[in-house]
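A short worksheet on the structure shown next.
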Amino acid sequence: MIAPLLARRSLSSTVVSRLYIQNNLSNDQTHPKLEVDGARKVADFRSDTVTAPTDEMFEVMKKASRGDDVFQEDNSVRDLEAYMAETTGHQDALFCSSGTLTNQLGLCTHLTTPPHSVVCDSRSHVYLWEAGGISFHSRASVSPVIARNGIHVTAEEIEGNLIEADLHTAPTRVVSLENTLSGLIFPIEEIRAISEMSRGRGLAMHLDGARLWNASQETGIPLSEYGKCFDSMSLCLSKGVGAPIGSILVGNREFINRARHLRKLFGGGWRQAGFMAATAQYCIDNIVPTMPATHKLAKYMSESLVSLGISLQVPVHTNMVLIDTAPVGITIQDLMPSLLAKNIKIGGMGTKSRLVLHHQINKEDVDEFVQVVKDVVASRQEVAAPQQVAAQAC
Ligand SMILES: *Cc1c(COP(=O)(O)O)cnc(C)c1O
C-alpha cells in the first residue's frame, strides 16, 4: 500500500515534462492531457487551481521582460494591466499574487472610514474563505444574504439587507457579488438591477470575478458588459484560465493607485513579475477559448452521473459539478480508494463533492471517473443484497 502512495506523491510534485494531445468531447484537441515524466497521468478534479504549467508556458516565461514591478518598470506586467483595463472597460488594473489579495485590496480601497459593512451572498468567498480578511484588513462587518432561489441573490434581497447610517450601526458601504459562484452564472439582468439600486444609494459595487471568464465564455457576454456594473472587479488567472500564479484587480485610476499603495502595505509589492504576467497573457489567449468545451464536458459528466442515480446540489452552468451520492447509498470516502488507484483525485466530505473541470481534464478522465462510480455502486448493491434476503427471511 505504501509504495503506490509514495509513487503517486512524487508523481504529482514532479515538473511536467511534456504534453500529449488527446481528442476531447468536441474533438477539437483543446484539452491536452498532462503526462508527468512519462508516468501515468493524473486527473485532478479537486479544483481548477491545480492545473500545471506546461512547457509552452516556460518558453513564454523566458521571453518575458525582467523589470521591477514595484517601480512599475516591467513591460510584461504593464502590458497585461493595460490589456485587462481595456477588456473590462476600466481605466486601470493591478496584477497581484492571488485572488484573496485582489478581493481584499479591492474591498479595503472602498472601505476608508469605519464603522462600515459589506453586504454579500452568504456563500461568498470573500466572507467564508479569505480567513476573515474583511474584518482584519478593513475593520468592516459583513451582512451575509441567503439566496432564496439557490442560484444568486436578488436586488430585492440585497436591498432588504442594507444597513442605513445611524448612531448604532455599521452602515453598508460596499455590495460584493460573485460570478460565477459554485459554477453558477449570475444573470446580467439581476446584476444590472443590483448595481442600479446600489449606486443610486451611493454604495460601491465590487465583483469577485475569480471565474468571470467562465461566465463570459458561456454566455457570450463580454467582460466589459459585466465591467459596467462594478466599481472594482477581481479576476483570477490561476483558476480556469490556467496560469500558475496571479489575479487582476480593475477599477478607475485613482482607485488602482490607492490599491497599489495598499498592496505595498500588505507586503504584496513584487519585483521581477514579468514572467508571470507574460504567462497569464498567454493563458488568456490560449486557454480561455477552451472554456466552452470544458463546460460541455462538465454537462456530459453531470448527465452521466445523474443517470447512475447521483443527484446534483446545484445545476451545472459552467465547469463545476456538485454531486451528492446519498441517493445511491455511498459516501465520497467509499469512492476515493478506487479513484486513487486510477490516479483520479477528488475532494469532498460525507456524500458531497465538488468536481471541478479544467483544460487538463478530458473525456477519457470523465468516463473513467463515471465507470469507477458505477463499479463502486454495483459492488455495494452486491454486498447489500444478501442482507436484504436475510431480512426478508426473518
Ligand atoms: C479561488 C477564489 C478566490 C481567490 O483565491 P486565491 O486562492 O487567493 O487566488 C476568490 N474568489 C473565488 C470565488 C475563488 O474561487
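Lettering and numbering for the C-alpha cells are positional, with chains as A, B, ... in the shown order, residues counted from 1 in each chain, and ligands counted from 1 in the shown order.
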
Listing only residues of chain A within 9 Å of ligand 1, what is the closest atom pair and its distance in Å (to one decimal) for each, using only C-alpha atoms and all ligand atoms, sorted by chain and residue number ascending, as JSON lines?
```
{"residue": "A:Ser47", "atom": "CA", "partner": "ligand 1", "partner_atom_place_in_ligand_line": "1 (C)", "distance": 8.9}
{"residue": "A:Asp48", "atom": "CA", "partner": "ligand 1", "partner_atom_place_in_ligand_line": "1 (C)", "distance": 8.7}
{"residue": "A:Thr49", "atom": "CA", "partner": "ligand 1", "partner_atom_place_in_ligand_line": "1 (C)", "distance": 7.4}
{"residue": "A:Ser97", "atom": "CA", "partner": "ligand 1", "partner_atom_place_in_ligand_line": "9 (O)", "distance": 7.4}
{"residue": "A:Ser98", "atom": "CA", "partner": "ligand 1", "partner_atom_place_in_ligand_line": "9 (O)", "distance": 3.8}
{"residue": "A:Gly99", "atom": "CA", "partner": "ligand 1", "partner_atom_place_in_ligand_line": "4 (C)", "distance": 3.4}
{"residue": "A:Thr100", "atom": "CA", "partner": "ligand 1", "partner_atom_place_in_ligand_line": "8 (O)", "distance": 3.6}
{"residue": "A:Leu101", "atom": "CA", "partner": "ligand 1", "partner_atom_place_in_ligand_line": "8 (O)", "distance": 6.3}
{"residue": "A:Thr102", "atom": "CA", "partner": "ligand 1", "partner_atom_place_in_ligand_line": "4 (C)", "distance": 8.0}
{"residue": "A:Asn103", "atom": "CA", "partner": "ligand 1", "partner_atom_place_in_ligand_line": "10 (C)", "distance": 6.9}
{"residue": "A:Ser124", "atom": "CA", "partner": "ligand 1", "partner_atom_place_in_ligand_line": "13 (C)", "distance": 6.9}
{"residue": "A:His125", "atom": "CA", "partner": "ligand 1", "partner_atom_place_in_ligand_line": "11 (N)", "distance": 4.9}
{"residue": "A:Val126", "atom": "CA", "partner": "ligand 1", "partner_atom_place_in_ligand_line": "11 (N)", "distance": 6.6}
{"residue": "A:Trp129", "atom": "CA", "partner": "ligand 1", "partner_atom_place_in_ligand_line": "10 (C)", "distance": 7.9}
{"residue": "A:Glu130", "atom": "CA", "partner": "ligand 1", "partner_atom_place_in_ligand_line": "8 (O)", "distance": 7.4}
{"residue": "A:Glu178", "atom": "CA", "partner": "ligand 1", "partner_atom_place_in_ligand_line": "13 (C)", "distance": 6.4}
{"residue": "A:Asn179", "atom": "CA", "partner": "ligand 1", "partner_atom_place_in_ligand_line": "13 (C)", "distance": 7.4}
{"residue": "A:Thr180", "atom": "CA", "partner": "ligand 1", "partner_atom_place_in_ligand_line": "13 (C)", "distance": 7.1}
{"residue": "A:Leu181", "atom": "CA", "partner": "ligand 1", "partner_atom_place_in_ligand_line": "13 (C)", "distance": 6.1}
{"residue": "A:Ser182", "atom": "CA", "partner": "ligand 1", "partner_atom_place_in_ligand_line": "13 (C)", "distance": 7.8}
{"residue": "A:Asp208", "atom": "CA", "partner": "ligand 1", "partner_atom_place_in_ligand_line": "11 (N)", "distance": 5.6}
{"residue": "A:Gly209", "atom": "CA", "partner": "ligand 1", "partner_atom_place_in_ligand_line": "13 (C)", "distance": 6.8}
{"residue": "A:Ala210", "atom": "CA", "partner": "ligand 1", "partner_atom_place_in_ligand_line": "12 (C)", "distance": 4.8}
{"residue": "A:Arg211", "atom": "CA", "partner": "ligand 1", "partner_atom_place_in_ligand_line": "13 (C)", "distance": 6.8}
{"residue": "A:Ser234", "atom": "CA", "partner": "ligand 1", "partner_atom_place_in_ligand_line": "10 (C)", "distance": 7.9}
{"residue": "A:Leu235", "atom": "CA", "partner": "ligand 1", "partner_atom_place_in_ligand_line": "10 (C)", "distance": 8.1}
{"residue": "A:Cys236", "atom": "CA", "partner": "ligand 1", "partner_atom_place_in_ligand_line": "9 (O)", "distance": 6.3}
{"residue": "A:Leu237", "atom": "CA", "partner": "ligand 1", "partner_atom_place_in_ligand_line": "9 (O)", "distance": 8.3}
{"residue": "A:Ser238", "atom": "CA", "partner": "ligand 1", "partner_atom_place_in_ligand_line": "9 (O)", "distance": 6.9}
{"residue": "A:Lys239", "atom": "CA", "partner": "ligand 1", "partner_atom_place_in_ligand_line": "1 (C)", "distance": 6.7}
{"residue": "A:Ile245", "atom": "CA", "partner": "ligand 1", "partner_atom_place_in_ligand_line": "9 (O)", "distance": 8.1}
{"residue": "A:Gly246", "atom": "CA", "partner": "ligand 1", "partner_atom_place_in_ligand_line": "9 (O)", "distance": 7.1}
{"residue": "A:Ser247", "atom": "CA", "partner": "ligand 1", "partner_atom_place_in_ligand_line": "9 (O)", "distance": 6.7}
```

Quiz item: Leaving out region 312-324 of chain A and any residue of its chain fewer than 4 positions from it, which residues lie within 7 Å of it when counting only C-alpha atoms, given as a VMD selection string?
Solution: chain A and resid 182 to 185 214 218 294 to 295 298 to 299 302 351 to 358

For the residues in that selection, give me C-alpha atoms as an mmCIF file, in the first residue's frame.
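Listed below is the output, again-v8.cif:
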```
data_model
loop_
_atom_site.group_PDB
_atom_site.id
_atom_site.type_symbol
_atom_site.label_atom_id
_atom_site.label_comp_id
_atom_site.auth_asym_id
_atom_site.auth_seq_id
_atom_site.Cartn_x
_atom_site.Cartn_y
_atom_site.Cartn_z
ATOM 1 C CA SER A 182 -20.124 27.319 -7.331
ATOM 2 C CA GLY A 183 -20.010 27.429 -11.112
ATOM 3 C CA LEU A 184 -23.369 29.218 -11.245
ATOM 4 C CA ILE A 185 -23.778 32.127 -13.622
ATOM 5 C CA ASN A 214 -16.171 31.135 -17.378
ATOM 6 C CA GLU A 218 -20.535 30.556 -21.550
ATOM 7 C CA THR A 294 -14.748 22.327 -20.627
ATOM 8 C CA HIS A 295 -18.293 23.384 -19.758
ATOM 9 C CA ALA A 298 -18.964 19.144 -17.244
ATOM 10 C CA LYS A 299 -22.534 18.867 -18.574
ATOM 11 C CA SER A 302 -23.216 15.517 -14.736
ATOM 12 C CA THR A 351 -21.814 12.324 0.471
ATOM 13 C CA LYS A 352 -20.939 15.664 -1.120
ATOM 14 C CA SER A 353 -18.186 16.533 -3.538
ATOM 15 C CA ARG A 354 -17.377 19.456 -5.814
ATOM 16 C CA LEU A 355 -15.913 18.204 -9.074
ATOM 17 C CA VAL A 356 -14.108 20.922 -10.989
ATOM 18 C CA LEU A 357 -13.184 20.584 -14.653
ATOM 19 C CA HIS A 358 -10.422 22.475 -16.421
#
```

Quiz item: To one decimal place, how far is CA of Gln360 (chain A) from CA of Gln281 (chain A) in Å?
Solution: 18.2 Å

Practice problem: Have a look at A:Ile256, A:Val377, A:Ala52, A:Leu308 and name the one nearest to His359 (chain A); count only C-alpha atoms. | Solution: A:Ala52

Quiz item: Expressed in Å to a single decimal, how great is the separation between CA of Leu340 (chain A) and CA of Ala293 (chain A)?
Solution: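 Computing the Euclidean distance for CA of Leu340 (chain A) and CA of Ala293 (chain A) yields 25.4 Å.
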